[in-house]
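Chemist: Sharing a structure here in structure tokens format.
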Amino acid sequence: MTWPFVFQDLVREFITLFVVIDPVGTIPVFLFATAAVPQRLHRSFALRAVLVSALVLGLFLVLGQIILEGIGLRLGAFQIAGGIILFLFALSMIFGETKAASEIKEAENEDLSGAVFPLAIPSIASPGAILAVVILTDNHSTGVVEQAMTAVVLLFVLAITFVLLLLASKIQKLIGQTGVSVISRVMGLILATVAVDAVLQGLEQMGVLALSTPPV
């Protein structure tokens with residue numbers, strides 16, 4: 001694999017992970033979760049949430065496909081199912097409540113328990129993010145080096161998330177709730193495209209479609 005293709009893959013993975021993790025959409029959730037937490041503890045609160053998210057997503061990155069194949073499921077079928085779920089998730093981002101509104105409401109119903117819920121799960125390590133890391137690290141089409149690069153991209157996105165959480169109050173004042181809503185919907189459009197591509201790749205792997213351009 002040549003470096004231009006490697007760079008394109010890394011950019012695609014970064015966009016995919018950034019969209020499904022949605023660091024900007026996590027800001028209102030963080031502000032709500034830390035409303036009763038002293039300002040001096042906000043840094044530790046954000047760090048704990050990001051570390052828990054990294055642990056969960058890293059676990060699925062390494063073991064997700066092994067578990068699937070262990071119970072007899074083909075990755076192509078998982079890609080199709082994952083793509084459909086990601087597409088529905090994207091539709092909810094575009095047409096439904098914003099990420100923050102739905103997760104804050106869930107937190108209110110379940111009694112907020114801190115950095116783990118709802119900040120780490122399901123806001124940062126969302127179902128969409130879990131599906132994405134499994135799909136991006138297919139053991140049959142990516143080697144250890146490629147999977148390690150995906151893990152680095154994941155850590156980079158989580159690092160960005162941590163920085164944005166530390167700047168949450170300033171960002172909220174700058175763009176407002178309307179700005180967060182607009183960004184969330186734009187990311188939903190991008191995620192819908194990624195989801196359709198995942199379905200097409202799954203159909204190709206299952207032998208239903210032949211999407212690769214034949215050699216001339």
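Note on naming: chains are A, B, ... as they come in the structure tokens, residues start from 1 per chain, ligands start from 1 in the order shown.
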Show me, as CSV, the residues of range 15-92 of chain A having an atom within 12 Å of range 149-153 of chain A, each with the closest atom pair and its distance in Å, using only C-alpha atoms.

Modeler:
```
residue,atom,partner,partner_atom,distance
A:Ile15,CA,A:Val153,CA,9.7
A:Thr16,CA,A:Val153,CA,10.3
A:Leu17,CA,A:Val153,CA,8.1
A:Phe18,CA,A:Val153,CA,9.5
A:Ala54,CA,A:Ala151,CA,9.6
A:Leu55,CA,A:Ala151,CA,11.4
A:Leu57,CA,A:Ala151,CA,9.3
A:Gly58,CA,A:Ala151,CA,7.4
A:Leu59,CA,A:Ala151,CA,10.7
A:Phe60,CA,A:Ala151,CA,10.9
A:Leu61,CA,A:Ala151,CA,7.7
A:Val62,CA,A:Ala151,CA,9.3
```

Chemist: Identify, on the basis of only C-alpha atoms, every residue whose closest approach to Asn139 in chain A does not exceed 8 Å; exclude the query and any residue fewer than 3 positions from it along the same chain; express the result as a list in words.

Modeler: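 My reading of the contact set: Gln65, Thr142 and Gly143 of chain A.
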
Chemist: Taking only C-alpha atoms into account, produce a table as a tab-separated table in which each residue of range 132-158 of chain A with an atom at most 12 Å from an atom of range 196-209 of chain A appears once, together with its shortest atom pair and the distance in Å to one decimal, ordered by chain and rising number.

Modeler:
```
residue	atom	partner	partner_atom	distance
A:Ala132	CA	A:Ala198	CA	9.3
A:Val134	CA	A:Ala198	CA	11.5
A:Ile135	CA	A:Ala198	CA	8.0
A:Leu136	CA	A:Ala198	CA	9.5
A:Asp138	CA	A:Gly202	CA	11.1
A:His140	CA	A:Gln205	CA	10.4
A:Ser141	CA	A:Gln205	CA	10.2
```

Chemist: Separation of CA of Phe89 in chain A and CA of Val144 in chain A, in Å?

Modeler: 29.3 Å

Chemist: To one decimal place in Å, what is the distance between CA of Ala129 in chain A and CA of Ala36 in chain A?

Modeler: 28.0 Å

Chemist: Could you pull the residues within 12 Å of Arg48 in chain A, counting only C-alpha atoms, minus those fewer than 2 positions along the same chain, as a ChimeraX atom specification?

Modeler: /A:30,41-46,50-55,114-117,119-121,124,158,162,165

Chemist: With only C-alpha atoms as the counted atoms, please give the residues lying no more than 12 Å from Ala90 in chain A, apart from itself and same-chain residues fewer than 5 positions off, as a PyMOL selection string.

Modeler: chain A and resi 16+19-20+22+82-85+95-99+127-128+184-196

Chemist: Take the residues that were just selected and, keeping N, CA, C and O atoms, output them as a JSON list (two decimals), in the first residue's frame.

Modeler:
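File written: again.json
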```
[["chain", "number", "residue", "atom", "x", "y", "z"],
["A", 16, "THR", "N", -14.50, 9.40, 10.13],
["A", 16, "THR", "CA", -15.50, 8.46, 10.63],
["A", 16, "THR", "C", -15.55, 8.48, 12.16],
["A", 16, "THR", "O", -16.62, 8.61, 12.76],
["A", 19, "VAL", "N", -16.79, 11.79, 13.64],
["A", 19, "VAL", "CA", -18.24, 11.96, 13.50],
["A", 19, "VAL", "C", -19.00, 11.11, 14.50],
["A", 19, "VAL", "O", -19.93, 11.58, 15.16],
["A", 20, "VAL", "N", -18.62, 9.83, 14.65],
["A", 20, "VAL", "CA", -19.39, 8.94, 15.53],
["A", 20, "VAL", "C", -19.15, 9.27, 17.01],
["A", 20, "VAL", "O", -20.05, 9.10, 17.84],
["A", 22, "ASP", "N", -18.25, 12.38, 18.02],
["A", 22, "ASP", "CA", -18.89, 13.70, 18.09],
["A", 22, "ASP", "C", -18.45, 14.49, 19.32],
["A", 22, "ASP", "O", -19.24, 14.74, 20.23],
["A", 82, "GLY", "N", -24.16, -3.08, 10.84],
["A", 82, "GLY", "CA", -23.57, -1.89, 11.44],
["A", 82, "GLY", "C", -23.83, -0.65, 10.61],
["A", 82, "GLY", "O", -24.12, 0.42, 11.15],
["A", 83, "GLY", "N", -23.76, -0.80, 9.28],
["A", 83, "GLY", "CA", -24.04, 0.32, 8.40],
["A", 83, "GLY", "C", -25.47, 0.81, 8.52],
["A", 83, "GLY", "O", -25.74, 2.01, 8.55],
["A", 84, "ILE", "N", -26.40, -0.14, 8.63],
["A", 84, "ILE", "CA", -27.82, 0.22, 8.80],
["A", 84, "ILE", "C", -28.03, 0.96, 10.11],
["A", 84, "ILE", "O", -28.72, 1.99, 10.17],
["A", 85, "ILE", "N", -27.41, 0.43, 11.19],
["A", 85, "ILE", "CA", -27.56, 1.07, 12.50],
["A", 85, "ILE", "C", -26.92, 2.46, 12.49],
["A", 85, "ILE", "O", -27.49, 3.42, 13.02],
["A", 95, "PHE", "N", -32.50, 14.57, 12.03],
["A", 95, "PHE", "CA", -33.92, 14.92, 12.17],
["A", 95, "PHE", "C", -34.43, 14.91, 13.61],
["A", 95, "PHE", "O", -35.45, 15.52, 13.91],
["A", 96, "GLY", "N", -33.73, 14.17, 14.49],
["A", 96, "GLY", "CA", -34.25, 14.01, 15.84],
["A", 96, "GLY", "C", -33.67, 15.01, 16.81],
["A", 96, "GLY", "O", -33.17, 16.08, 16.43],
["A", 97, "GLU", "N", -33.73, 14.66, 18.10],
["A", 97, "GLU", "CA", -33.12, 15.50, 19.12],
["A", 97, "GLU", "C", -31.62, 15.52, 18.93],
["A", 97, "GLU", "O", -31.03, 14.58, 18.41],
["A", 98, "THR", "N", -30.99, 16.58, 19.33],
["A", 98, "THR", "CA", -29.53, 16.61, 19.29],
["A", 98, "THR", "C", -28.98, 15.56, 20.26],
["A", 98, "THR", "O", -29.67, 15.12, 21.18],
["A", 99, "LYS", "N", -27.73, 15.21, 20.03],
["A", 99, "LYS", "CA", -27.08, 14.23, 20.90],
["A", 99, "LYS", "C", -27.16, 14.66, 22.36],
["A", 99, "LYS", "O", -27.51, 13.88, 23.23],
["A", 127, "PRO", "N", -22.73, 3.64, 20.79],
["A", 127, "PRO", "CA", -22.90, 2.42, 19.97],
["A", 127, "PRO", "C", -22.34, 2.60, 18.57],
["A", 127, "PRO", "O", -21.74, 1.68, 18.02],
["A", 128, "GLY", "N", -22.51, 3.79, 18.00],
["A", 128, "GLY", "CA", -21.97, 4.05, 16.67],
["A", 128, "GLY", "C", -20.46, 3.98, 16.65],
["A", 128, "GLY", "O", -19.85, 3.44, 15.72],
["A", 184, "SER", "N", -23.93, 19.15, 14.80],
["A", 184, "SER", "CA", -24.39, 17.78, 14.96],
["A", 184, "SER", "C", -25.10, 17.30, 13.70],
["A", 184, "SER", "O", -24.92, 16.15, 13.27],
["A", 185, "ARG", "N", -25.90, 18.15, 13.08],
["A", 185, "ARG", "CA", -26.64, 17.76, 11.89],
["A", 185, "ARG", "C", -25.74, 17.61, 10.67],
["A", 185, "ARG", "O", -25.93, 16.72, 9.84],
["A", 186, "VAL", "N", -24.74, 18.47, 10.57],
["A", 186, "VAL", "CA", -23.78, 18.33, 9.48],
["A", 186, "VAL", "C", -23.02, 17.02, 9.62],
["A", 186, "VAL", "O", -22.80, 16.29, 8.64],
["A", 187, "MET", "N", -22.62, 16.70, 10.85],
["A", 187, "MET", "CA", -21.94, 15.42, 11.09],
["A", 187, "MET", "C", -22.85, 14.25, 10.79],
["A", 187, "MET", "O", -22.40, 13.19, 10.35],
["A", 188, "GLY", "N", -24.15, 14.42, 11.03],
["A", 188, "GLY", "CA", -25.11, 13.37, 10.70],
["A", 188, "GLY", "C", -25.12, 13.07, 9.21],
["A", 188, "GLY", "O", -25.21, 11.91, 8.80],
["A", 189, "LEU", "N", -25.03, 14.11, 8.38],
["A", 189, "LEU", "CA", -24.98, 13.92, 6.92],
["A", 189, "LEU", "C", -23.73, 13.13, 6.53],
["A", 189, "LEU", "O", -23.78, 12.23, 5.69],
["A", 190, "ILE", "N", -22.59, 13.49, 7.14],
["A", 190, "ILE", "CA", -21.34, 12.78, 6.84],
["A", 190, "ILE", "C", -21.44, 11.33, 7.28],
["A", 190, "ILE", "O", -21.05, 10.40, 6.56],
["A", 191, "LEU", "N", -22.01, 11.11, 8.46],
["A", 191, "LEU", "CA", -22.14, 9.75, 8.99],
["A", 191, "LEU", "C", -23.06, 8.92, 8.11],
["A", 191, "LEU", "O", -22.83, 7.72, 7.92],
["A", 192, "ALA", "N", -24.11, 9.51, 7.56],
["A", 192, "ALA", "CA", -25.02, 8.77, 6.68],
["A", 192, "ALA", "C", -24.26, 8.26, 5.46],
["A", 192, "ALA", "O", -24.47, 7.12, 5.01],
["A", 193, "THR", "N", -23.36, 9.08, 4.92],
["A", 193, "THR", "CA", -22.55, 8.66, 3.77],
["A", 193, "THR", "C", -21.62, 7.51, 4.15],
["A", 193, "THR", "O", -21.47, 6.53, 3.41],
["A", 194, "VAL", "N", -20.99, 7.62, 5.32],
["A", 194, "VAL", "CA", -20.12, 6.55, 5.81],
["A", 194, "VAL", "C", -20.91, 5.26, 6.00],
["A", 194, "VAL", "O", -20.44, 4.16, 5.67],
["A", 195, "ALA", "N", -22.13, 5.37, 6.50],
["A", 195, "ALA", "CA", -22.97, 4.20, 6.75],
["A", 195, "ALA", "C", -23.33, 3.49, 5.44],
["A", 195, "ALA", "O", -23.28, 2.25, 5.35],
["A", 196, "VAL", "N", -23.69, 4.25, 4.42],
["A", 196, "VAL", "CA", -24.02, 3.65, 3.12],
["A", 196, "VAL", "C", -22.80, 2.93, 2.56],
["A", 196, "VAL", "O", -22.90, 1.82, 2.01]]
```

Chemist: Using DSSP secondary structure from the backbone, list all helix (DSSP H, G or I) positions within range 31-177 of chain A, as a short mmCIF file (atom, residue, chain, number, x, y, z; two decimals) with N, CA and C atoms, in the first residue's frame.

Modeler:
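Listed below is the output, part_22.cif:
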```cif
data_model
loop_
_atom_site.label_atom_id
_atom_site.label_comp_id
_atom_site.auth_asym_id
_atom_site.auth_seq_id
_atom_site.Cartn_x
_atom_site.Cartn_y
_atom_site.Cartn_z
N LEU A 31 -21.10 19.62 30.31
CA LEU A 31 -21.49 20.76 31.14
C LEU A 31 -22.61 20.39 32.10
N PHE A 32 -23.55 19.58 31.62
CA PHE A 32 -24.64 19.14 32.50
C PHE A 32 -24.10 18.21 33.59
N ALA A 33 -23.22 17.27 33.18
CA ALA A 33 -22.71 16.28 34.13
C ALA A 33 -21.85 16.91 35.21
N GLN A 39 -15.21 23.30 40.08
CA GLN A 39 -14.43 23.61 38.89
C GLN A 39 -13.05 22.95 38.93
N ARG A 40 -12.45 22.85 40.12
CA ARG A 40 -11.11 22.28 40.23
C ARG A 40 -11.07 20.79 39.88
N LEU A 41 -12.26 20.12 39.86
CA LEU A 41 -12.32 18.69 39.54
C LEU A 41 -12.73 18.42 38.10
N HIS A 42 -13.03 19.46 37.31
CA HIS A 42 -13.51 19.25 35.94
C HIS A 42 -12.46 18.55 35.07
N ARG A 43 -11.19 18.88 35.27
CA ARG A 43 -10.12 18.25 34.48
C ARG A 43 -10.07 16.75 34.76
N SER A 44 -10.12 16.37 36.04
CA SER A 44 -10.10 14.94 36.40
C SER A 44 -11.35 14.24 35.89
N PHE A 45 -12.49 14.94 35.93
CA PHE A 45 -13.76 14.40 35.46
C PHE A 45 -13.66 14.07 33.97
N ALA A 46 -13.14 15.04 33.18
CA ALA A 46 -13.00 14.83 31.74
C ALA A 46 -12.00 13.72 31.44
N LEU A 47 -10.89 13.70 32.16
CA LEU A 47 -9.86 12.68 31.93
C LEU A 47 -10.40 11.29 32.22
N ARG A 48 -11.15 11.15 33.30
CA ARG A 48 -11.72 9.84 33.64
C ARG A 48 -12.68 9.37 32.56
N ALA A 49 -13.51 10.28 32.06
CA ALA A 49 -14.48 9.93 31.02
C ALA A 49 -13.76 9.47 29.74
N VAL A 50 -12.71 10.19 29.35
CA VAL A 50 -11.98 9.85 28.13
C VAL A 50 -11.23 8.53 28.29
N LEU A 51 -10.65 8.29 29.47
CA LEU A 51 -9.93 7.03 29.70
C LEU A 51 -10.88 5.83 29.68
N VAL A 52 -12.04 5.98 30.28
CA VAL A 52 -13.04 4.90 30.24
C VAL A 52 -13.46 4.64 28.80
N SER A 53 -13.68 5.70 28.03
CA SER A 53 -14.06 5.56 26.63
C SER A 53 -12.97 4.86 25.83
N ALA A 54 -11.71 5.24 26.08
CA ALA A 54 -10.58 4.62 25.38
C ALA A 54 -10.50 3.13 25.70
N LEU A 55 -10.76 2.77 26.96
CA LEU A 55 -10.72 1.37 27.36
C LEU A 55 -11.81 0.57 26.65
N VAL A 56 -13.02 1.11 26.63
CA VAL A 56 -14.15 0.41 26.00
C VAL A 56 -13.92 0.26 24.50
N LEU A 57 -13.58 1.36 23.83
CA LEU A 57 -13.38 1.30 22.38
C LEU A 57 -12.16 0.47 22.01
N GLY A 58 -11.09 0.55 22.81
CA GLY A 58 -9.91 -0.27 22.56
C GLY A 58 -10.21 -1.75 22.70
N LEU A 59 -11.05 -2.09 23.67
CA LEU A 59 -11.43 -3.49 23.87
C LEU A 59 -12.18 -4.03 22.65
N PHE A 60 -13.10 -3.23 22.12
CA PHE A 60 -13.84 -3.66 20.94
C PHE A 60 -12.96 -3.65 19.69
N LEU A 61 -12.00 -2.73 19.63
CA LEU A 61 -11.08 -2.70 18.49
C LEU A 61 -10.26 -3.98 18.42
N VAL A 62 -9.83 -4.48 19.57
CA VAL A 62 -8.98 -5.67 19.61
C VAL A 62 -9.80 -6.96 19.55
N LEU A 63 -10.90 -7.01 20.29
CA LEU A 63 -11.63 -8.28 20.47
C LEU A 63 -12.98 -8.34 19.77
N GLY A 64 -13.45 -7.20 19.24
CA GLY A 64 -14.80 -7.18 18.68
C GLY A 64 -15.03 -8.21 17.60
N GLN A 65 -14.15 -8.26 16.60
CA GLN A 65 -14.34 -9.20 15.50
C GLN A 65 -14.12 -10.64 15.96
N ILE A 66 -13.18 -10.86 16.88
CA ILE A 66 -12.93 -12.21 17.39
C ILE A 66 -14.19 -12.76 18.06
N ILE A 67 -14.86 -11.90 18.82
CA ILE A 67 -16.10 -12.32 19.48
C ILE A 67 -17.17 -12.65 18.45
N LEU A 68 -17.28 -11.80 17.44
CA LEU A 68 -18.28 -12.03 16.39
C LEU A 68 -18.06 -13.35 15.68
N GLU A 69 -16.80 -13.58 15.27
CA GLU A 69 -16.50 -14.81 14.56
C GLU A 69 -16.59 -16.03 15.47
N GLY A 70 -16.34 -15.82 16.76
CA GLY A 70 -16.45 -16.91 17.72
C GLY A 70 -17.87 -17.44 17.85
N LEU A 75 -18.15 -11.07 9.07
CA LEU A 75 -17.94 -9.63 9.17
C LEU A 75 -18.78 -8.88 8.15
N GLY A 76 -18.97 -9.48 6.96
CA GLY A 76 -19.79 -8.82 5.95
C GLY A 76 -21.19 -8.55 6.46
N ALA A 77 -21.76 -9.54 7.16
CA ALA A 77 -23.10 -9.35 7.73
C ALA A 77 -23.07 -8.28 8.81
N PHE A 78 -21.99 -8.27 9.60
CA PHE A 78 -21.88 -7.25 10.65
C PHE A 78 -21.72 -5.86 10.04
N GLN A 79 -20.97 -5.76 8.92
CA GLN A 79 -20.80 -4.48 8.25
C GLN A 79 -22.14 -3.95 7.75
N ILE A 80 -22.96 -4.84 7.19
CA ILE A 80 -24.27 -4.42 6.69
C ILE A 80 -25.15 -3.98 7.85
N ALA A 81 -25.20 -4.80 8.91
CA ALA A 81 -26.01 -4.44 10.08
C ALA A 81 -25.49 -3.16 10.73
N GLY A 82 -24.16 -3.08 10.84
CA GLY A 82 -23.57 -1.89 11.44
C GLY A 82 -23.83 -0.65 10.61
N GLY A 83 -23.76 -0.80 9.28
CA GLY A 83 -24.04 0.32 8.40
C GLY A 83 -25.47 0.81 8.52
N ILE A 84 -26.40 -0.14 8.63
CA ILE A 84 -27.82 0.22 8.80
C ILE A 84 -28.03 0.96 10.11
N ILE A 85 -27.41 0.43 11.19
CA ILE A 85 -27.56 1.07 12.50
C ILE A 85 -26.92 2.46 12.49
N LEU A 86 -25.74 2.56 11.86
CA LEU A 86 -25.09 3.87 11.75
C LEU A 86 -25.96 4.84 10.96
N PHE A 87 -26.63 4.33 9.92
CA PHE A 87 -27.50 5.19 9.11
C PHE A 87 -28.68 5.69 9.94
N LEU A 88 -29.27 4.79 10.73
CA LEU A 88 -30.38 5.21 11.60
C LEU A 88 -29.89 6.21 12.64
N PHE A 89 -28.68 5.97 13.14
CA PHE A 89 -28.08 6.90 14.10
C PHE A 89 -27.87 8.27 13.45
N ALA A 90 -27.43 8.25 12.17
CA ALA A 90 -27.24 9.49 11.43
C ALA A 90 -28.56 10.22 11.23
N LEU A 91 -29.62 9.47 10.93
CA LEU A 91 -30.94 10.09 10.76
C LEU A 91 -31.41 10.76 12.05
N SER A 92 -31.12 10.11 13.19
CA SER A 92 -31.51 10.71 14.47
C SER A 92 -30.71 11.99 14.73
N MET A 93 -29.45 12.03 14.25
CA MET A 93 -28.65 13.24 14.39
C MET A 93 -29.20 14.37 13.52
N ILE A 94 -29.73 14.01 12.34
CA ILE A 94 -30.19 15.02 11.39
C ILE A 94 -31.60 15.51 11.73
N PHE A 95 -32.50 14.57 12.03
CA PHE A 95 -33.92 14.92 12.17
C PHE A 95 -34.43 14.91 13.61
N LYS A 99 -27.73 15.21 20.03
CA LYS A 99 -27.08 14.23 20.90
C LYS A 99 -27.16 14.66 22.36
N ALA A 100 -26.85 15.91 22.61
CA ALA A 100 -26.85 16.40 23.99
C ALA A 100 -28.24 16.31 24.62
N ALA A 101 -29.27 16.74 23.88
CA ALA A 101 -30.62 16.76 24.44
C ALA A 101 -31.09 15.36 24.84
N SER A 102 -30.86 14.38 23.97
CA SER A 102 -31.33 13.03 24.27
C SER A 102 -30.56 12.42 25.43
N GLU A 103 -29.25 12.64 25.49
CA GLU A 103 -28.45 12.01 26.55
C GLU A 103 -28.61 12.72 27.88
N ILE A 104 -28.83 14.03 27.87
CA ILE A 104 -29.10 14.75 29.11
C ILE A 104 -30.43 14.28 29.68
N LYS A 105 -31.43 14.09 28.81
CA LYS A 105 -32.73 13.61 29.27
C LYS A 105 -32.59 12.22 29.90
N GLU A 106 -31.77 11.36 29.26
CA GLU A 106 -31.54 10.02 29.80
C GLU A 106 -30.84 10.10 31.15
N ALA A 107 -29.91 11.01 31.28
CA ALA A 107 -29.20 11.19 32.55
C ALA A 107 -30.15 11.64 33.65
N GLU A 108 -31.08 12.51 33.31
CA GLU A 108 -32.04 12.98 34.29
C GLU A 108 -32.94 11.85 34.76
N ASN A 109 -33.26 10.93 33.85
CA ASN A 109 -34.15 9.84 34.21
C ASN A 109 -33.45 8.78 35.05
N GLU A 110 -32.15 8.65 34.89
CA GLU A 110 -31.43 7.55 35.53
C GLU A 110 -30.60 8.00 36.73
N LEU A 119 -21.42 10.44 30.27
CA LEU A 119 -20.37 11.09 29.51
C LEU A 119 -19.52 10.08 28.73
N ALA A 120 -18.93 9.11 29.41
CA ALA A 120 -18.11 8.11 28.71
C ALA A 120 -18.98 7.21 27.86
N ILE A 121 -20.03 6.66 28.49
CA ILE A 121 -20.98 5.78 27.81
C ILE A 121 -22.38 6.29 28.10
N PRO A 122 -23.19 6.64 27.12
CA PRO A 122 -22.99 6.40 25.68
C PRO A 122 -22.61 7.63 24.89
N SER A 123 -22.11 8.71 25.54
CA SER A 123 -21.85 9.93 24.78
C SER A 123 -20.57 9.83 23.96
N ILE A 124 -19.44 9.46 24.57
CA ILE A 124 -18.19 9.36 23.82
C ILE A 124 -18.06 7.98 23.18
N PRO A 127 -22.73 3.64 20.79
CA PRO A 127 -22.90 2.42 19.97
C PRO A 127 -22.34 2.60 18.57
N GLY A 128 -22.51 3.79 18.00
CA GLY A 128 -21.97 4.05 16.67
C GLY A 128 -20.46 3.98 16.65
N ALA A 129 -19.81 4.49 17.70
CA ALA A 129 -18.35 4.44 17.77
C ALA A 129 -17.85 3.00 17.94
N ILE A 130 -18.56 2.23 18.74
CA ILE A 130 -18.18 0.82 18.94
C ILE A 130 -18.28 0.05 17.63
N LEU A 131 -19.39 0.24 16.90
CA LEU A 131 -19.54 -0.40 15.59
C LEU A 131 -18.44 0.04 14.63
N ALA A 132 -18.13 1.32 14.65
CA ALA A 132 -17.15 1.86 13.71
C ALA A 132 -15.76 1.25 13.92
N VAL A 133 -15.32 1.12 15.18
CA VAL A 133 -13.97 0.59 15.41
C VAL A 133 -13.87 -0.88 15.00
N VAL A 134 -14.95 -1.62 15.14
CA VAL A 134 -14.94 -3.03 14.72
C VAL A 134 -14.87 -3.11 13.20
N ILE A 135 -15.67 -2.29 12.51
CA ILE A 135 -15.70 -2.31 11.06
C ILE A 135 -14.37 -1.85 10.47
N LEU A 136 -13.75 -0.84 11.07
CA LEU A 136 -12.51 -0.29 10.53
C LEU A 136 -11.30 -1.21 10.73
N VAL A 144 -1.83 -5.99 11.25
CA VAL A 144 -1.57 -5.45 12.58
C VAL A 144 -1.14 -3.99 12.49
N VAL A 145 -0.34 -3.65 11.47
CA VAL A 145 0.13 -2.27 11.32
C VAL A 145 -1.04 -1.33 11.06
N GLU A 146 -1.93 -1.73 10.14
CA GLU A 146 -3.10 -0.89 9.83
C GLU A 146 -4.00 -0.73 11.04
N GLN A 147 -4.19 -1.81 11.80
CA GLN A 147 -5.03 -1.73 13.00
C GLN A 147 -4.38 -0.84 14.06
N ALA A 148 -3.06 -0.91 14.15
CA ALA A 148 -2.35 -0.04 15.10
C ALA A 148 -2.51 1.42 14.70
N MET A 149 -2.49 1.69 13.40
CA MET A 149 -2.68 3.05 12.92
C MET A 149 -4.10 3.53 13.22
N THR A 150 -5.08 2.63 13.09
CA THR A 150 -6.46 2.98 13.45
C THR A 150 -6.55 3.30 14.94
N ALA A 151 -5.84 2.52 15.76
CA ALA A 151 -5.83 2.79 17.21
C ALA A 151 -5.22 4.15 17.51
N VAL A 152 -4.17 4.52 16.77
CA VAL A 152 -3.55 5.84 16.97
C VAL A 152 -4.53 6.95 16.58
N VAL A 153 -5.26 6.74 15.47
CA VAL A 153 -6.26 7.73 15.05
C VAL A 153 -7.34 7.86 16.12
N LEU A 154 -7.76 6.73 16.67
CA LEU A 154 -8.77 6.73 17.73
C LEU A 154 -8.29 7.53 18.94
N LEU A 155 -7.05 7.28 19.35
CA LEU A 155 -6.49 8.01 20.50
C LEU A 155 -6.38 9.50 20.20
N PHE A 156 -6.08 9.84 18.94
CA PHE A 156 -5.99 11.25 18.55
C PHE A 156 -7.35 11.93 18.66
N VAL A 157 -8.39 11.24 18.21
CA VAL A 157 -9.75 11.79 18.31
C VAL A 157 -10.15 11.95 19.77
N LEU A 158 -9.80 10.97 20.61
CA LEU A 158 -10.12 11.06 22.03
C LEU A 158 -9.33 12.19 22.70
N ALA A 159 -8.09 12.43 22.24
CA ALA A 159 -7.31 13.54 22.77
C ALA A 159 -7.97 14.88 22.42
N ILE A 160 -8.48 14.98 21.18
CA ILE A 160 -9.21 16.18 20.78
C ILE A 160 -10.45 16.35 21.65
N THR A 161 -11.13 15.23 21.91
CA THR A 161 -12.33 15.26 22.77
C THR A 161 -11.98 15.79 24.15
N PHE A 162 -10.86 15.32 24.72
CA PHE A 162 -10.43 15.77 26.05
C PHE A 162 -10.17 17.27 26.06
N VAL A 163 -9.47 17.76 25.04
CA VAL A 163 -9.17 19.20 24.96
C VAL A 163 -10.45 20.01 24.85
N LEU A 164 -11.39 19.55 24.02
CA LEU A 164 -12.66 20.28 23.86
C LEU A 164 -13.47 20.27 25.16
N LEU A 165 -13.39 19.19 25.91
CA LEU A 165 -14.11 19.15 27.19
C LEU A 165 -13.51 20.15 28.18
N LEU A 166 -12.19 20.29 28.15
CA LEU A 166 -11.55 21.28 29.03
C LEU A 166 -11.95 22.71 28.65
N ALA A 168 -14.90 23.42 27.35
CA ALA A 168 -16.34 23.31 27.14
C ALA A 168 -17.09 24.61 27.41
N SER A 169 -16.80 25.23 28.53
CA SER A 169 -17.53 26.46 28.91
C SER A 169 -17.31 27.57 27.89
N LYS A 170 -16.08 27.74 27.45
CA LYS A 170 -15.77 28.79 26.48
C LYS A 170 -16.42 28.50 25.13
N ILE A 171 -16.39 27.22 24.70
CA ILE A 171 -16.98 26.86 23.41
C ILE A 171 -18.49 27.04 23.44
N GLN A 172 -19.11 26.66 24.55
CA GLN A 172 -20.57 26.80 24.68
C GLN A 172 -20.98 28.27 24.56
N LYS A 173 -20.20 29.14 25.19
CA LYS A 173 -20.51 30.57 25.11
C LYS A 173 -20.28 31.10 23.69
N LEU A 174 -19.30 30.54 22.99
CA LEU A 174 -18.93 31.02 21.67
C LEU A 174 -19.96 30.64 20.60
N ILE A 175 -20.35 29.35 20.56
CA ILE A 175 -21.23 28.90 19.47
C ILE A 175 -22.68 28.72 19.92
N GLY A 176 -22.92 28.59 21.22
CA GLY A 176 -24.28 28.45 21.72
C GLY A 176 -24.89 27.09 21.39
N GLN A 177 -26.08 26.84 21.92
CA GLN A 177 -26.77 25.57 21.68
C GLN A 177 -27.13 25.41 20.21
#
```
